[in-house]
$ cat input11.txt   # compact mmCIF, C-alpha atoms
# COMPACT_ATOMS: atom_id res chain seq x y z
CA MET A 265 28.83 0.04 -30.19
CA ASP A 266 32.07 -1.65 -29.09
CA THR A 267 32.27 0.76 -26.15
CA LEU A 268 28.74 -0.11 -25.02
CA VAL A 269 29.53 -3.83 -25.21
CA ALA A 270 32.62 -3.29 -23.03
CA LEU A 271 30.73 -1.37 -20.34
CA GLY A 272 29.07 -4.44 -18.82
CA PRO A 273 32.28 -6.36 -18.06
CA ALA A 274 34.00 -3.09 -17.10
CA ALA A 275 31.24 -2.38 -14.57
CA LEU A 276 31.72 -5.80 -12.97
CA PHE A 277 35.46 -5.20 -12.83
CA MET A 278 35.01 -1.82 -11.14
CA ILE A 279 32.58 -3.24 -8.58
CA SER A 280 35.05 -5.96 -7.63
CA MET A 281 37.92 -3.45 -7.36
CA THR A 282 36.16 -0.64 -5.52
CA ILE A 283 34.04 -2.57 -3.04
CA THR A 284 37.04 -4.46 -1.66
CA PRO A 285 39.40 -3.07 1.03
CA GLY A 286 42.13 -0.67 0.01
CA PRO A 287 43.68 2.65 1.07
CA ASN A 288 40.73 4.75 -0.12
CA ASN A 289 38.14 2.58 1.59
CA MET A 290 40.03 2.45 4.89
CA MET A 291 40.27 6.25 4.93
CA LEU A 292 36.61 6.63 3.97
CA THR A 293 35.54 4.36 6.83
CA ALA A 294 37.53 6.44 9.30
CA SER A 295 36.23 9.69 7.81
CA GLY A 296 32.62 8.48 7.84
CA ALA A 297 32.91 7.58 11.53
CA ASN A 298 34.62 10.82 12.55
CA TYR A 299 32.87 13.35 10.31
CA GLY A 300 29.72 11.75 8.91
CA TYR A 301 28.77 11.14 5.29
CA ARG A 302 28.03 14.74 4.29
CA ARG A 303 31.44 16.05 5.40
CA THR A 304 33.11 13.03 3.80
CA LEU A 305 31.43 13.72 0.43
CA PRO A 306 34.25 15.96 -0.91
CA HIS A 307 36.66 13.10 -0.14
CA LEU A 308 34.42 10.70 -2.09
CA LEU A 309 34.12 13.06 -5.03
CA GLY A 310 37.87 13.69 -4.97
CA ILE A 311 38.53 9.97 -5.34
CA MET A 312 36.17 9.85 -8.31
CA GLY A 313 37.64 12.97 -9.91
CA GLY A 314 41.23 11.87 -9.44
CA CYS A 315 40.56 8.38 -10.81
CA PHE A 316 38.64 9.79 -13.77
CA VAL A 317 41.60 11.97 -14.79
CA LEU A 318 44.09 9.18 -14.07
CA PHE A 319 42.18 6.53 -16.03
CA THR A 320 41.71 8.84 -19.00
CA ALA A 321 45.39 9.79 -18.98
CA VAL A 322 46.35 6.10 -18.87
CA ALA A 323 44.20 5.42 -21.94
CA LEU A 324 45.82 8.31 -23.79
CA GLY A 325 49.36 7.03 -23.23
CA LEU A 326 50.43 7.73 -19.67
CA GLY A 327 50.49 3.99 -18.97
CA LEU A 328 53.38 3.62 -21.43
CA VAL A 329 55.59 5.48 -18.97
CA PHE A 330 55.58 2.39 -16.73
CA GLU A 331 56.63 0.17 -19.60
CA ARG A 332 59.47 2.39 -20.77
CA PHE A 333 60.66 3.58 -17.36
CA PRO A 334 60.17 0.88 -14.68
CA MET A 335 61.86 3.12 -12.11
CA VAL A 336 58.85 5.44 -12.30
CA GLN A 337 56.66 2.64 -10.97
CA THR A 338 59.12 1.96 -8.16
CA ALA A 339 59.27 5.64 -7.26
CA LEU A 340 55.46 5.81 -7.31
CA ARG A 341 55.24 2.92 -4.86
CA VAL A 342 57.68 4.57 -2.48
CA VAL A 343 56.02 8.00 -2.64
CA GLY A 344 52.56 6.46 -2.36
CA SER A 345 53.62 4.38 0.65
CA LEU A 346 55.15 7.34 2.47
CA TYR A 347 52.10 9.52 1.85
CA LEU A 348 49.80 6.69 2.94
CA LEU A 349 51.77 6.30 6.18
CA TYR A 350 51.42 10.05 6.76
CA LEU A 351 47.65 9.83 6.28
CA ALA A 352 47.48 6.71 8.48
CA TRP A 353 49.25 8.56 11.28
CA GLY A 354 46.73 11.40 10.97
CA ILE A 355 43.86 8.92 11.28
CA ALA A 356 45.43 7.04 14.21
CA THR A 357 46.10 10.21 16.21
CA ALA A 358 42.84 12.02 15.38
CA PRO A 359 41.04 13.20 18.53
CA PRO A 360 37.57 11.82 19.25
CA PRO A 361 35.04 14.06 17.46
CA SER A 362 33.07 14.82 20.60
CA PHE A 363 35.98 15.06 23.00
CA GLY A 364 38.74 16.86 21.17
CA ASP A 365 39.06 19.11 18.16
CA THR A 366 35.50 19.30 16.88
CA GLU A 367 36.70 21.43 14.00
CA GLY A 368 38.82 18.64 12.52
CA ARG A 369 38.75 18.34 8.76
CA PRO A 370 38.28 15.33 6.53
CA LEU A 371 40.36 15.00 3.38
CA SER A 372 39.42 17.68 0.85
CA PHE A 373 38.41 17.09 -2.77
CA TRP A 374 41.83 18.12 -4.08
CA GLN A 375 43.77 16.13 -1.48
CA ALA A 376 41.77 12.98 -2.29
CA ALA A 377 42.11 13.57 -6.04
CA ALA A 378 45.88 14.10 -5.82
CA PHE A 379 46.29 10.96 -3.69
CA GLN A 380 45.03 8.80 -6.56
CA PHE A 381 48.18 9.58 -8.56
CA ALA A 382 50.25 8.16 -5.68
CA ASN A 383 47.85 5.28 -5.04
CA PRO A 384 49.13 2.09 -6.72
CA LYS A 385 45.70 0.44 -6.48
CA ALA A 386 44.25 3.28 -8.57
CA TRP A 387 47.03 2.78 -11.14
CA VAL A 388 46.37 -0.96 -11.26
CA MET A 389 42.66 -0.29 -11.79
CA GLY A 390 43.33 2.26 -14.51
CA LEU A 391 45.88 0.17 -16.37
CA THR A 392 43.76 -2.99 -16.22
CA LEU A 393 40.53 -1.19 -17.08
CA MET A 394 41.91 0.52 -20.16
CA ALA A 395 44.02 -2.41 -21.33
CA SER A 396 41.11 -4.84 -21.00
CA PHE A 397 38.01 -2.86 -21.92
CA LEU A 398 38.97 0.12 -24.09
CA PRO A 399 37.72 -0.62 -27.64
CA GLU A 400 40.33 -0.56 -30.38
CA GLY A 401 38.01 1.05 -32.89
CA GLY A 402 36.41 4.48 -32.83
CA ASN A 403 37.60 7.71 -31.27
CA THR A 404 40.07 6.87 -28.51
CA VAL A 405 39.47 10.07 -26.54
CA ILE A 406 35.68 9.68 -26.54
CA ASN A 407 35.94 5.98 -25.70
CA ALA A 408 38.36 6.70 -22.85
CA LEU A 409 36.19 9.48 -21.42
CA LEU A 410 33.07 7.32 -21.61
CA LEU A 411 34.72 4.27 -20.06
CA ALA A 412 36.36 6.31 -17.27
CA GLY A 413 33.14 8.22 -16.59
CA VAL A 414 30.91 5.15 -16.38
CA SER A 415 33.52 3.40 -14.23
CA GLU A 416 33.47 6.21 -11.69
CA LEU A 417 29.67 6.25 -11.62
CA ILE A 418 29.82 2.53 -10.82
CA ALA A 419 32.48 3.13 -8.17
CA PHE A 420 30.58 5.86 -6.31
CA PRO A 421 27.99 3.66 -4.53
CA CYS A 422 30.67 1.06 -3.78
CA ILE A 423 33.00 3.46 -1.99
CA SER A 424 30.02 5.23 -0.40
CA LEU A 425 29.24 1.97 1.40
CA TRP A 426 32.55 2.27 3.25
CA ALA A 427 31.82 5.82 4.37
CA GLY A 428 28.34 4.71 5.44
CA PHE A 429 29.84 1.74 7.26
CA GLY A 430 32.12 4.09 9.15
CA MET A 431 29.21 6.37 9.99
CA ALA A 432 27.28 3.38 11.41
CA ILE A 433 30.29 2.38 13.52
CA GLY A 434 30.61 5.94 14.79
CA ARG A 435 27.13 5.76 16.27
CA TRP A 436 28.15 2.78 18.39
CA LEU A 437 31.34 4.30 19.80
CA LYS A 438 30.90 5.70 23.29
CA GLY A 439 33.56 7.63 25.14
CA PRO A 440 37.03 8.85 24.18
CA ARG A 441 38.70 5.50 24.84
CA ALA A 442 36.50 3.71 22.28
CA TRP A 443 37.13 6.47 19.73
CA ARG A 444 40.88 6.33 20.24
CA ALA A 445 40.85 2.57 19.84
CA PHE A 446 38.82 2.85 16.64
CA ASN A 447 40.99 5.58 15.14
CA GLY A 448 44.14 3.68 16.09
CA THR A 449 42.79 0.51 14.47
CA MET A 450 41.79 2.32 11.27
CA GLY A 451 45.17 4.04 11.15
CA ALA A 452 46.91 0.68 11.51
CA LEU A 453 44.75 -0.90 8.79
CA THR A 454 45.46 2.03 6.47
CA ALA A 455 49.20 1.73 7.17
CA GLY A 456 48.91 -2.01 6.56
CA CYS A 457 48.00 -1.34 2.92
CA VAL A 458 51.67 -0.43 2.44
CA VAL A 459 52.49 -4.15 2.65
CA PHE A 460 50.45 -4.77 -0.49
CA ILE A 461 51.85 -1.72 -2.23
CA LEU A 462 55.49 -2.69 -1.66
CA GLY A 463 54.95 -6.45 -1.73
$ encode --input "input11.txt" --output "structure tokens"
Amino acid sequence: MDTLVALGPAALFMISMTITPGPNNMMLTASGANYGYRRTLPHLLGIMGGCFVLFTAVALGLGLVFERFPMVQTALRVVGSLYLLYLAWGIATAPPPSFGDTEGRPLSFWQAAAFQFANPKAWVMGLTLMASFLPEGGNTVINALLLAGVSELIAFPCISLWAGFGMAIGRWLKGPRAWRAFNGTMGALTAGCVVFILG
């Protein structure tokens, strides 16, 4: 019963966290524009899968690593920032879908899932979600799985909006110059997330 009571506030928290800009949403916008929603779906599902595993692990004790070893958090920020810059460069230099490499690939399920473990925003979400909404009573594993699962179901339509937004933008872009400008802008915005990660 305590878990069910916590789901309402947890859902509101997840909406506010996943519908706002961040590394995942910047990449989903670029992917939606360049590849469409269907080809971006593995990326979407990878974000959900990675966050589900991460959130559950946090609830079961992984979050204590940050408390006992602050250097781990610092290392995570550095690794996450470097990987994000690598992905941003890939977005910025991607050829226009109709004028260059038409066989380009969006992020795969496993790449997107793995990125969540280097994504400080995902860690902040997981730590806050479990610290604030995980019931103290009952079976911790079941409660963690339920809370993480419902949270990702809430997150899916929120992050899908960004991929859909990108797809809508892609329909307006005409010519290679417009595509290069868009991809360069999205790459710069994705790289800009590093400021918040390291700030």
$ residues_around --input "input11.txt" --residues "Ala408 in chain A" --least-positions-apart "3" --cutoff "7 Å" --atoms "all atoms listed in the file" --output "list in words"
Thr320, Ala323, Leu398, Thr404, Val405, Leu411 and Ala412 of chain A
$ atom_distance --input "input11.txt" --atom1 "CA of Asn288 in chain A" --atom2 "CA of Gly390 in chain A"
14.8 Å
$ closest_residue --input "input11.txt" --among "A:Gly451, A:Gly286, A:Pro360, A:Gly413" --to "Gly314 in chain A" --atoms "only C-alpha atoms"
A:Gly413
$ residues_around --input "input11.txt" --residues "range 326-329 of chain A" --least-positions-apart "3" --cutoff "12 Å" --atoms "all atoms listed in the file" --output "NGL selection string"
:A and (317-323 or 332-338 or 340 or 381 or 387-395)
$ atom_distance --input "input11.txt" --atom1 "CA of Gly439 in chain A" --atom2 "CA of Pro359 in chain A"
11.4 Å
$ closest_residue --input "input11.txt" --among "A:Leu276, A:Ala445, A:Ile406, A:Gly313" --to "Gln380 in chain A" --atoms "only C-alpha atoms"
A:Gly313
$ decode --input "input11.txt" --residues "range 272-291 of chain A" --atoms "N, CA, C and O atoms" --output "short mmCIF file (atom, residue, chain, number, x, y, z; two decimals), in the first residue's frame"
data_model
loop_
_atom_site.label_atom_id
_atom_site.label_comp_id
_atom_site.auth_asym_id
_atom_site.auth_seq_id
_atom_site.Cartn_x
_atom_site.Cartn_y
_atom_site.Cartn_z
N GLY A 272 2.10 8.20 -7.06
CA GLY A 272 1.58 9.46 -7.57
C GLY A 272 2.62 10.56 -7.56
O GLY A 272 2.95 11.14 -8.62
N PRO A 273 3.20 10.88 -6.40
CA PRO A 273 4.26 11.89 -6.36
C PRO A 273 5.48 11.50 -7.21
O PRO A 273 6.11 12.36 -7.82
N ALA A 274 5.80 10.20 -7.24
CA ALA A 274 6.94 9.75 -8.04
C ALA A 274 6.68 10.00 -9.52
O ALA A 274 7.60 10.37 -10.27
N ALA A 275 5.45 9.80 -9.96
CA ALA A 275 5.09 10.04 -11.36
C ALA A 275 5.28 11.51 -11.71
O ALA A 275 5.83 11.85 -12.77
N LEU A 276 4.84 12.40 -10.84
CA LEU A 276 5.01 13.83 -11.08
C LEU A 276 6.49 14.21 -11.14
O LEU A 276 6.91 15.02 -11.97
N PHE A 277 7.27 13.60 -10.26
CA PHE A 277 8.71 13.84 -10.26
C PHE A 277 9.33 13.40 -11.58
O PHE A 277 10.13 14.14 -12.19
N MET A 278 8.97 12.21 -12.06
CA MET A 278 9.54 11.69 -13.29
C MET A 278 9.12 12.53 -14.50
O MET A 278 9.91 12.75 -15.42
N ILE A 279 7.89 13.01 -14.51
CA ILE A 279 7.45 13.88 -15.61
C ILE A 279 8.31 15.13 -15.66
O ILE A 279 8.80 15.54 -16.72
N SER A 280 8.50 15.75 -14.49
CA SER A 280 9.28 16.99 -14.45
C SER A 280 10.73 16.77 -14.85
O SER A 280 11.36 17.64 -15.45
N MET A 281 11.28 15.60 -14.54
CA MET A 281 12.68 15.32 -14.84
C MET A 281 12.91 14.88 -16.29
O MET A 281 13.94 15.19 -16.89
N THR A 282 11.95 14.15 -16.85
CA THR A 282 12.18 13.57 -18.18
C THR A 282 11.64 14.42 -19.32
O THR A 282 12.03 14.21 -20.47
N ILE A 283 10.77 15.36 -19.03
CA ILE A 283 10.23 16.19 -20.11
C ILE A 283 11.06 17.45 -20.32
O ILE A 283 10.89 18.19 -21.28
N THR A 284 12.00 17.70 -19.40
CA THR A 284 12.87 18.87 -19.50
C THR A 284 14.15 18.53 -20.27
O THR A 284 14.52 17.36 -20.38
N PRO A 285 14.83 19.55 -20.83
CA PRO A 285 16.03 19.28 -21.62
C PRO A 285 17.12 18.58 -20.82
O PRO A 285 17.25 18.78 -19.61
N GLY A 286 17.88 17.77 -21.51
CA GLY A 286 19.00 17.05 -20.93
C GLY A 286 19.71 16.30 -22.03
O GLY A 286 19.28 16.32 -23.19
N PRO A 287 20.80 15.61 -21.72
CA PRO A 287 21.56 14.89 -22.76
C PRO A 287 20.70 13.91 -23.56
O PRO A 287 20.78 13.90 -24.80
N ASN A 288 19.90 13.11 -22.88
CA ASN A 288 19.07 12.14 -23.60
C ASN A 288 18.12 12.82 -24.56
O ASN A 288 17.97 12.41 -25.72
N ASN A 289 17.46 13.87 -24.10
CA ASN A 289 16.45 14.52 -24.94
C ASN A 289 17.06 15.28 -26.11
O ASN A 289 16.47 15.34 -27.19
N MET A 290 18.25 15.83 -25.93
CA MET A 290 18.92 16.48 -27.05
C MET A 290 19.27 15.45 -28.13
O MET A 290 19.08 15.68 -29.33
N MET A 291 19.79 14.30 -27.69
CA MET A 291 20.15 13.25 -28.65
C MET A 291 18.92 12.66 -29.33
O MET A 291 18.95 12.34 -30.52
#
